[in-house]
Every structure is written in structure tokens, then in C-alpha cells.
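So this block is upload-v7.pdb, PDB, N, CA and C atoms:
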```pdb
ATOM      1  N   ARG A   1     -24.036  29.056 -21.729
ATOM      2  CA  ARG A   1     -25.369  29.633 -21.683
ATOM      3  C   ARG A   1     -26.158  29.014 -20.543
ATOM      4  N   PHE A   2     -26.955  29.828 -19.902
ATOM      5  CA  PHE A   2     -27.854  29.349 -18.864
ATOM      6  C   PHE A   2     -29.251  29.329 -19.459
ATOM      7  N   CYS A   3     -29.836  28.155 -19.513
ATOM      8  CA  CYS A   3     -31.151  27.980 -20.126
ATOM      9  C   CYS A   3     -32.114  27.399 -19.105
ATOM     10  N   VAL A   4     -33.382  27.696 -19.288
ATOM     11  CA  VAL A   4     -34.407  27.172 -18.393
ATOM     12  C   VAL A   4     -35.525  26.564 -19.227
ATOM     13  N   THR A   5     -35.972  25.390 -18.788
ATOM     14  CA  THR A   5     -37.183  24.794 -19.344
ATOM     15  C   THR A   5     -38.083  24.428 -18.173
ATOM     16  N   VAL A   6     -39.371  24.431 -18.404
ATOM     17  CA  VAL A   6     -40.342  24.022 -17.396
ATOM     18  C   VAL A   6     -41.236  22.980 -18.043
ATOM     19  N   ALA A   7     -41.369  21.826 -17.358
ATOM     20  CA  ALA A   7     -42.189  20.739 -17.894
ATOM     21  C   ALA A   7     -43.234  20.327 -16.871
ATOM     22  N   SER A   8     -44.384  19.949 -17.369
ATOM     23  CA  SER A   8     -45.435  19.403 -16.526
ATOM     24  C   SER A   8     -45.060  17.965 -16.187
ATOM     25  N   HIS A   9     -45.482  17.458 -15.041
ATOM     26  CA  HIS A   9     -45.188  16.063 -14.717
ATOM     27  C   HIS A   9     -46.302  15.124 -15.179
ATOM     28  N   GLU A  10     -47.158  15.601 -16.064
ATOM     29  CA  GLU A  10     -48.188  14.757 -16.670
ATOM     30  C   GLU A  10     -47.516  13.712 -17.554
ATOM     31  N   ASP A  11     -48.303  12.759 -18.062
ATOM     32  CA  ASP A  11     -47.765  11.762 -18.994
ATOM     33  C   ASP A  11     -46.995  12.463 -20.095
ATOM     34  N   GLU A  12     -45.881  11.891 -20.467
ATOM     35  CA  GLU A  12     -44.992  12.394 -21.524
ATOM     36  C   GLU A  12     -44.226  13.654 -21.132
ATOM     37  N   VAL A  13     -44.447  14.193 -19.945
ATOM     38  CA  VAL A  13     -43.683  15.321 -19.405
ATOM     39  C   VAL A  13     -43.499  16.435 -20.450
ATOM     40  N   PRO A  14     -44.611  17.029 -20.905
ATOM     41  CA  PRO A  14     -44.501  18.061 -21.946
ATOM     42  C   PRO A  14     -43.899  19.365 -21.427
ATOM     43  N   LEU A  15     -43.111  20.003 -22.276
ATOM     44  CA  LEU A  15     -42.568  21.317 -21.943
ATOM     45  C   LEU A  15     -43.696  22.343 -21.975
ATOM     46  N   VAL A  16     -43.749  23.186 -20.955
ATOM     47  CA  VAL A  16     -44.776  24.229 -20.899
ATOM     48  C   VAL A  16     -44.172  25.627 -20.987
ATOM     49  N   ALA A  17     -42.837  25.728 -20.847
ATOM     50  CA  ALA A  17     -42.147  27.014 -20.993
ATOM     51  C   ALA A  17     -40.669  26.759 -21.267
ATOM     52  N   VAL A  18     -40.067  27.629 -22.072
ATOM     53  CA  VAL A  18     -38.623  27.569 -22.340
ATOM     54  C   VAL A  18     -38.090  28.999 -22.386
ATOM     55  N   SER A  19     -36.835  29.151 -21.990
ATOM     56  CA  SER A  19     -36.219  30.479 -22.033
ATOM     57  C   SER A  19     -35.735  30.799 -23.447
ATOM     58  N   GLN A  20     -35.524  32.081 -23.704
ATOM     59  CA  GLN A  20     -34.990  32.491 -25.005
ATOM     60  C   GLN A  20     -33.604  31.900 -25.229
ATOM     61  N   GLU A  21     -32.810  31.756 -24.171
ATOM     62  CA  GLU A  21     -31.482  31.155 -24.309
ATOM     63  C   GLU A  21     -31.584  29.696 -24.749
ATOM     64  N   PHE A  22     -32.613  28.992 -24.280
ATOM     65  CA  PHE A  22     -32.818  27.608 -24.711
ATOM     66  C   PHE A  22     -33.123  27.574 -26.207
ATOM     67  N   GLU A  23     -33.951  28.509 -26.656
ATOM     68  CA  GLU A  23     -34.255  28.594 -28.085
ATOM     69  C   GLU A  23     -32.990  28.868 -28.889
ATOM     70  N   LYS A  24     -32.166  29.811 -28.419
ATOM     71  CA  LYS A  24     -30.920  30.138 -29.125
ATOM     72  C   LYS A  24     -29.975  28.944 -29.153
ATOM     73  N   MET A  25     -29.852  28.246 -28.021
ATOM     74  CA  MET A  25     -28.919  27.134 -27.921
ATOM     75  C   MET A  25     -29.318  25.973 -28.829
ATOM     76  N   THR A  26     -30.626  25.672 -28.900
ATOM     77  CA  THR A  26     -31.083  24.503 -29.658
ATOM     78  C   THR A  26     -31.443  24.818 -31.104
ATOM     79  N   GLY A  27     -31.754  26.084 -31.390
ATOM     80  CA  GLY A  27     -32.180  26.449 -32.736
ATOM     81  C   GLY A  27     -33.669  26.258 -32.976
ATOM     82  N   TYR A  28     -34.390  25.790 -31.963
ATOM     83  CA  TYR A  28     -35.842  25.597 -32.073
ATOM     84  C   TYR A  28     -36.571  26.794 -31.471
ATOM     85  N   SER A  29     -37.690  27.176 -32.070
ATOM     86  CA  SER A  29     -38.523  28.232 -31.488
ATOM     87  C   SER A  29     -39.435  27.613 -30.430
ATOM     88  N   HIS A  30     -39.970  28.452 -29.554
ATOM     89  CA  HIS A  30     -40.869  27.917 -28.523
ATOM     90  C   HIS A  30     -42.091  27.257 -29.145
ATOM     91  N   ASP A  31     -42.543  27.747 -30.294
ATOM     92  CA  ASP A  31     -43.692  27.122 -30.966
ATOM     93  C   ASP A  31     -43.391  25.688 -31.387
ATOM     94  N   GLU A  32     -42.131  25.396 -31.716
ATOM     95  CA  GLU A  32     -41.735  24.046 -32.117
ATOM     96  C   GLU A  32     -41.499  23.135 -30.910
ATOM     97  N   ILE A  33     -41.259  23.722 -29.749
ATOM     98  CA  ILE A  33     -40.852  22.971 -28.566
ATOM     99  C   ILE A  33     -42.006  22.691 -27.610
ATOM    100  N   LEU A  34     -42.835  23.700 -27.343
ATOM    101  CA  LEU A  34     -43.869  23.561 -26.316
ATOM    102  C   LEU A  34     -44.794  22.391 -26.618
ATOM    103  N   GLY A  35     -45.092  21.616 -25.576
ATOM    104  CA  GLY A  35     -45.945  20.445 -25.716
ATOM    105  C   GLY A  35     -45.174  19.167 -26.006
ATOM    106  N   LYS A  36     -43.871  19.288 -26.310
ATOM    107  CA  LYS A  36     -43.045  18.106 -26.579
ATOM    108  C   LYS A  36     -42.262  17.723 -25.333
ATOM    109  N   ASN A  37     -41.877  16.457 -25.271
ATOM    110  CA  ASN A  37     -40.945  15.990 -24.264
ATOM    111  C   ASN A  37     -39.540  16.336 -24.743
ATOM    112  N   CYS A  38     -38.647  16.675 -23.848
ATOM    113  CA  CYS A  38     -37.269  17.054 -24.219
ATOM    114  C   CYS A  38     -36.507  15.943 -24.931
ATOM    115  N   ARG A  39     -37.022  14.727 -24.914
ATOM    116  CA  ARG A  39     -36.269  13.627 -25.536
ATOM    117  C   ARG A  39     -36.061  13.837 -27.033
ATOM    118  N   PHE A  40     -36.813  14.730 -27.669
ATOM    119  CA  PHE A  40     -36.583  14.977 -29.097
ATOM    120  C   PHE A  40     -35.165  15.496 -29.337
ATOM    121  N   LEU A  41     -34.545  16.083 -28.320
ATOM    122  CA  LEU A  41     -33.168  16.561 -28.449
ATOM    123  C   LEU A  41     -32.151  15.420 -28.403
ATOM    124  N   ASN A  42     -32.573  14.231 -27.939
ATOM    125  CA  ASN A  42     -31.680  13.076 -27.824
ATOM    126  C   ASN A  42     -31.734  12.150 -29.030
ATOM    127  N   GLU A  43     -32.566  12.454 -30.027
ATOM    128  CA  GLU A  43     -32.701  11.548 -31.171
ATOM    129  C   GLU A  43     -31.350  11.325 -31.828
ATOM    130  N   GLY A  44     -30.999  10.046 -31.982
ATOM    131  CA  GLY A  44     -29.725   9.694 -32.593
ATOM    132  C   GLY A  44     -28.540   9.811 -31.655
ATOM    133  N   CYS A  45     -28.786  10.046 -30.374
ATOM    134  CA  CYS A  45     -27.716  10.175 -29.378
ATOM    135  C   CYS A  45     -27.776   8.991 -28.412
ATOM    136  N   PHE A  46     -26.624   8.545 -27.940
ATOM    137  CA  PHE A  46     -26.593   7.492 -26.926
ATOM    138  C   PHE A  46     -26.794   8.117 -25.554
ATOM    139  N   VAL A  47     -27.808   7.635 -24.847
ATOM    140  CA  VAL A  47     -28.047   8.033 -23.462
ATOM    141  C   VAL A  47     -28.011   6.748 -22.642
ATOM    142  N   SER A  48     -27.181   6.704 -21.618
ATOM    143  CA  SER A  48     -27.006   5.481 -20.830
ATOM    144  C   SER A  48     -28.301   5.082 -20.133
ATOM    145  N   GLY A  49     -28.418   3.801 -19.849
ATOM    146  CA  GLY A  49     -29.575   3.297 -19.114
ATOM    147  C   GLY A  49     -29.702   3.943 -17.748
ATOM    148  N   GLN A  50     -28.568   4.191 -17.098
ATOM    149  CA  GLN A  50     -28.573   4.832 -15.790
ATOM    150  C   GLN A  50     -29.133   6.256 -15.892
ATOM    151  N   ASP A  51     -28.728   6.991 -16.924
ATOM    152  CA  ASP A  51     -29.255   8.347 -17.109
ATOM    153  C   ASP A  51     -30.740   8.319 -17.452
ATOM    154  N   LEU A  52     -31.165   7.358 -18.270
ATOM    155  CA  LEU A  52     -32.593   7.241 -18.595
ATOM    156  C   LEU A  52     -33.413   6.977 -17.337
ATOM    157  N   MET A  53     -32.912   6.092 -16.461
ATOM    158  CA  MET A  53     -33.624   5.811 -15.207
ATOM    159  C   MET A  53     -33.690   7.061 -14.334
ATOM    160  N   GLY A  54     -32.584   7.807 -14.261
ATOM    161  CA  GLY A  54     -32.570   9.035 -13.470
ATOM    162  C   GLY A  54     -33.543  10.071 -13.999
ATOM    163  N   LEU A  55     -33.601  10.201 -15.325
ATOM    164  CA  LEU A  55     -34.546  11.135 -15.947
ATOM    165  C   LEU A  55     -35.985  10.750 -15.635
ATOM    166  N   ARG A  56     -36.291   9.466 -15.774
ATOM    167  CA  ARG A  56     -37.663   9.002 -15.501
ATOM    168  C   ARG A  56     -38.046   9.225 -14.040
ATOM    169  N   MET A  57     -37.122   8.901 -13.131
ATOM    170  CA  MET A  57     -37.400   9.063 -11.705
ATOM    171  C   MET A  57     -37.633  10.537 -11.371
ATOM    172  N   SER A  58     -36.781  11.400 -11.863
ATOM    173  CA  SER A  58     -36.925  12.825 -11.591
ATOM    174  C   SER A  58     -38.215  13.375 -12.189
ATOM    175  N   SER A  59     -38.532  12.953 -13.400
ATOM    176  CA  SER A  59     -39.735  13.449 -14.076
ATOM    177  C   SER A  59     -41.008  13.010 -13.376
ATOM    178  N   SER A  60     -40.978  11.836 -12.733
ATOM    179  CA  SER A  60     -42.197  11.346 -12.095
ATOM    180  C   SER A  60     -42.307  11.728 -10.624
ATOM    181  N   THR A  61     -41.172  12.022  -9.970
ATOM    182  CA  THR A  61     -41.213  12.318  -8.534
ATOM    183  C   THR A  61     -40.738  13.716  -8.164
ATOM    184  N   GLY A  62     -40.008  14.374  -9.064
ATOM    185  CA  GLY A  62     -39.442  15.681  -8.753
ATOM    186  C   GLY A  62     -38.093  15.595  -8.064
ATOM    187  N   ALA A  63     -37.574  14.370  -7.882
ATOM    188  CA  ALA A  63     -36.262  14.196  -7.244
ATOM    189  C   ALA A  63     -35.180  14.847  -8.101
ATOM    190  N   PRO A  64     -34.150  15.417  -7.490
ATOM    191  CA  PRO A  64     -33.070  16.044  -8.264
ATOM    192  C   PRO A  64     -32.321  15.032  -9.131
ATOM    193  N   PHE A  65     -31.891  15.470 -10.299
ATOM    194  CA  PHE A  65     -31.101  14.645 -11.216
ATOM    195  C   PHE A  65     -30.153  15.565 -11.972
ATOM    196  N   ILE A  66     -28.866  15.226 -11.963
ATOM    197  CA  ILE A  66     -27.856  16.008 -12.681
ATOM    198  C   ILE A  66     -27.060  15.070 -13.569
ATOM    199  N   ALA A  67     -26.873  15.451 -14.831
ATOM    200  CA  ALA A  67     -26.098  14.626 -15.767
ATOM    201  C   ALA A  67     -25.636  15.471 -16.943
ATOM    202  N   LEU A  68     -24.609  14.991 -17.615
ATOM    203  CA  LEU A  68     -24.182  15.546 -18.899
ATOM    204  C   LEU A  68     -24.782  14.650 -19.972
ATOM    205  N   LEU A  69     -25.648  15.210 -20.811
ATOM    206  CA  LEU A  69     -26.339  14.418 -21.825
ATOM    207  C   LEU A  69     -26.044  14.938 -23.224
ATOM    208  N   PRO A  70     -25.840  14.018 -24.170
ATOM    209  CA  PRO A  70     -25.671  14.448 -25.559
ATOM    210  C   PRO A  70     -27.018  14.877 -26.129
ATOM    211  N   ASN A  71     -27.043  15.984 -26.820
ATOM    212  CA  ASN A  71     -28.257  16.501 -27.464
ATOM    213  C   ASN A  71     -27.924  16.937 -28.875
ATOM    214  N   ARG A  72     -28.970  17.152 -29.671
ATOM    215  CA  ARG A  72     -28.811  17.669 -31.031
ATOM    216  C   ARG A  72     -29.587  18.966 -31.185
ATOM    217  N   LYS A  73     -28.932  19.911 -31.848
ATOM    218  CA  LYS A  73     -29.608  21.153 -32.213
ATOM    219  C   LYS A  73     -30.499  20.884 -33.421
ATOM    220  N   LYS A  74     -31.339  21.828 -33.744
ATOM    221  CA  LYS A  74     -32.197  21.712 -34.919
ATOM    222  C   LYS A  74     -31.361  21.491 -36.177
ATOM    223  N   SER A  75     -30.167  22.062 -36.217
ATOM    224  CA  SER A  75     -29.267  21.929 -37.367
ATOM    225  C   SER A  75     -28.650  20.536 -37.468
ATOM    226  N   GLY A  76     -28.803  19.720 -36.415
ATOM    227  CA  GLY A  76     -28.187  18.399 -36.382
ATOM    228  C   GLY A  76     -26.872  18.372 -35.629
ATOM    229  N   GLU A  77     -26.347  19.559 -35.318
ATOM    230  CA  GLU A  77     -25.079  19.652 -34.587
ATOM    231  C   GLU A  77     -25.237  19.078 -33.177
ATOM    232  N   LEU A  78     -24.245  18.283 -32.759
ATOM    233  CA  LEU A  78     -24.250  17.724 -31.408
ATOM    234  C   LEU A  78     -23.749  18.750 -30.399
ATOM    235  N   PHE A  79     -24.293  18.697 -29.190
ATOM    236  CA  PHE A  79     -23.768  19.485 -28.081
ATOM    237  C   PHE A  79     -24.005  18.709 -26.797
ATOM    238  N   VAL A  80     -23.255  19.046 -25.767
ATOM    239  CA  VAL A  80     -23.415  18.392 -24.471
ATOM    240  C   VAL A  80     -24.216  19.321 -23.569
ATOM    241  N   ASN A  81     -25.277  18.777 -23.004
ATOM    242  CA  ASN A  81     -26.186  19.525 -22.151
ATOM    243  C   ASN A  81     -25.918  19.144 -20.697
ATOM    244  N   MET A  82     -25.539  20.115 -19.865
ATOM    245  CA  MET A  82     -25.442  19.852 -18.434
ATOM    246  C   MET A  82     -26.831  20.058 -17.854
ATOM    247  N   LEU A  83     -27.492  18.958 -17.591
ATOM    248  CA  LEU A  83     -28.877  18.978 -17.141
ATOM    249  C   LEU A  83     -28.931  18.941 -15.621
ATOM    250  N   ASP A  84     -29.620  19.880 -15.026
ATOM    251  CA  ASP A  84     -29.872  19.917 -13.583
ATOM    252  C   ASP A  84     -31.388  19.984 -13.444
ATOM    253  N   LEU A  85     -32.001  18.828 -13.240
ATOM    254  CA  LEU A  85     -33.459  18.699 -13.256
ATOM    255  C   LEU A  85     -33.975  18.482 -11.843
ATOM    256  N   GLN A  86     -35.037  19.186 -11.488
ATOM    257  CA  GLN A  86     -35.670  18.965 -10.196
ATOM    258  C   GLN A  86     -37.087  19.503 -10.198
ATOM    259  N   GLY A  87     -37.879  18.965  -9.305
ATOM    260  CA  GLY A  87     -39.253  19.423  -9.175
ATOM    261  C   GLY A  87     -39.324  20.660  -8.300
ATOM    262  N   ILE A  88     -40.137  21.603  -8.702
ATOM    263  CA  ILE A  88     -40.372  22.823  -7.927
ATOM    264  C   ILE A  88     -41.854  22.855  -7.551
ATOM    265  N   ALA A  89     -42.136  22.847  -6.253
ATOM    266  CA  ALA A  89     -43.519  22.911  -5.782
ATOM    267  C   ALA A  89     -44.054  24.317  -6.011
ATOM    268  N   VAL A  90     -45.257  24.402  -6.576
ATOM    269  CA  VAL A  90     -45.849  25.712  -6.847
ATOM    270  C   VAL A  90     -47.117  25.974  -6.039
ATOM    271  N   ALA A  91     -47.726  24.908  -5.521
ATOM    272  CA  ALA A  91     -48.959  25.078  -4.751
ATOM    273  C   ALA A  91     -49.340  23.740  -4.123
ATOM    274  N   ARG A  92     -50.365  23.772  -3.301
ATOM    275  CA  ARG A  92     -50.915  22.550  -2.722
ATOM    276  C   ARG A  92     -52.416  22.543  -3.010
ATOM    277  N   ASN A  93     -52.907  21.414  -3.487
ATOM    278  CA  ASN A  93     -54.333  21.251  -3.737
ATOM    279  C   ASN A  93     -55.036  21.239  -2.378
ATOM    280  N   VAL A  94     -55.894  22.219  -2.125
ATOM    281  CA  VAL A  94     -56.527  22.340  -0.808
ATOM    282  C   VAL A  94     -57.516  21.214  -0.528
ATOM    283  N   ARG A  95     -58.037  20.585  -1.553
ATOM    284  CA  ARG A  95     -58.981  19.476  -1.362
ATOM    285  C   ARG A  95     -58.270  18.167  -1.043
ATOM    286  N   THR A  96     -57.184  17.894  -1.778
ATOM    287  CA  THR A  96     -56.517  16.595  -1.642
ATOM    288  C   THR A  96     -55.213  16.662  -0.860
ATOM    289  N   GLY A  97     -54.638  17.848  -0.699
ATOM    290  CA  GLY A  97     -53.346  17.983  -0.045
ATOM    291  C   GLY A  97     -52.174  17.690  -0.960
ATOM    292  N   GLU A  98     -52.473  17.297  -2.208
ATOM    293  CA  GLU A  98     -51.416  16.977  -3.171
ATOM    294  C   GLU A  98     -50.596  18.224  -3.488
ATOM    295  N   ILE A  99     -49.276  18.047  -3.514
ATOM    296  CA  ILE A  99     -48.393  19.144  -3.897
ATOM    297  C   ILE A  99     -48.351  19.219  -5.417
ATOM    298  N   LEU A 100     -48.594  20.392  -5.946
ATOM    299  CA  LEU A 100     -48.560  20.604  -7.389
ATOM    300  C   LEU A 100     -47.178  21.126  -7.741
ATOM    301  N   TRP A 101     -46.523  20.493  -8.706
ATOM    302  CA  TRP A 101     -45.151  20.859  -9.029
ATOM    303  C   TRP A 101     -44.884  20.716 -10.516
ATOM    304  N   TYR A 102     -43.784  21.311 -10.931
ATOM    305  CA  TYR A 102     -43.299  21.233 -12.307
ATOM    306  C   TYR A 102     -41.831  20.854 -12.278
ATOM    307  N   SER A 103     -41.371  20.184 -13.323
ATOM    308  CA  SER A 103     -39.942  19.894 -13.471
ATOM    309  C   SER A 103     -39.271  21.112 -14.072
ATOM    310  N   VAL A 104     -38.192  21.550 -13.453
ATOM    311  CA  VAL A 104     -37.447  22.707 -13.933
ATOM    312  C   VAL A 104     -36.004  22.301 -14.133
TER     313      VAL A 104
END
```
Please lay out the structure from this file as C-alpha cells.
Amino acid sequence: RFCVTVASHEDEVPLVAVSQEFEKMTGYSHDEILGKNCRFLNEGCFVSGQDLMGLRMSSSTGAPFIALLPNRKKSGELFVNMLDLQGIAVARNVRTGEILWYSV
């Protein structure tokens, strides 16, 4: 399945949009997901320190990060998520010049 999530790079990196395929794959509805950080899918799963550092770096800078991460569906079933995370610039603040972006 090809799934898409969009997260803000604000504190806690909340999800602001998810695809229907993401809902089907995880068993969660968008109402249950939006506003949460994706880490809720990792509860009870081992994620390496290297992967955690890569996730944090990508979430704060928009740098690309690719990894296979263990996740849990709403049912508790484990699955492996091939995560390809990167920042997508959507605009530039005309006052400050800051690039506005989201993690996709």
C-alpha cells in the first residue's frame, strides 16, 4: 500500500492530513490520528537510537530520512512501515524569508 501523511513541523510534529490508505493500513480513522505525532504507532515497538535521531532530525529540518520501522495497527498487529520522510516547501514568508514546509 502507498500511504501519505502530512505533519506540521511545530512542537510534537502533529499530523495534519492522512490518506485513506493510511487509515486502512493502520485501522485508525483520521479523527483518531489528526493532531497526534506518528510515534503512537511505535508504542511497544523497538526503534533504534539511530532511527530515532534520524526521525528527529528530519522532523525538525525537513532533511530526507528513509527507514524500515516497526509499527502497530489499532488491532495491536505488528507491521513494518517503510518510511520515506522529507520536508516539502509550500511557501515563503514574505516578511521574514522563512520557508514554510511540512513533513511528508
Item to check | Chain and number of each residue from the PyMOL selection byres ((chain A and resi 72-79) around 7), as a PyMOL selection string | outcome: chain A and resi 25-28+40-43+69-71+80-81
Which centre and which edge lengths, in Å to one decimal, describe the axis-aligned box that holds all listed atoms of region 43-50 of chain A after 5 Å is added on each side, as AutoDock Vina command-line options?
```
--center_x -29.6 --center_y 7.9 --center_z -24.2 --size_x 16.1 --size_y 19.2 --size_z 26.8
```
Item to check | Among the residues A:Ser19, A:Ser48, A:Thr5, A:Gln86, the one that comes closest to Thr61 (chain A) [using all atoms listed in the file] | outcome: A:Gln86
Item to check | Sel. within 5 Å of pt (-40.7, 13.6, -17.9), counting all atoms listed in the file, output as a list in words | outcome: Glu12, Val13 and Ser59 of chain A
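Residues lying within 5 Å of region 33-38 of chain A, counting all atoms listed in the file and ignoring same-chain neighbours fewer than 4 positions away, are A:Val13, A:Pro14, A:Leu15, A:Ser29.
The spacing separating atom N of Ala17 (chain A) from atom C of Val4 (chain A) amounts to 7.5 Å.
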Item to check | Between CA of Gly62 (chain A) and CA of Phe46 (chain A) - distance in Å to one decimal | outcome: 23.7 Å
Checklist entry - Please, which residues of region 41-99 of chain A, numbered as in this document, come out strand (DSSP E or B) from DSSP, as an MDAnalysis selection string? => result chainID A and resid 65:72 78:85 87:92 99
Checklist entry - Applied to this file, what does the PyMOL selection byres ((chain A and resi 101) around 6) return in terms of residues, put as JSON, numbers by chain? => result {"A": [9, 87, 88, 89, 90, 91, 99, 100, 102, 103]}
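Here CA of Arg56 (chain A) is placed at a distance of 24.6 Å from CA of Asp31 (chain A).
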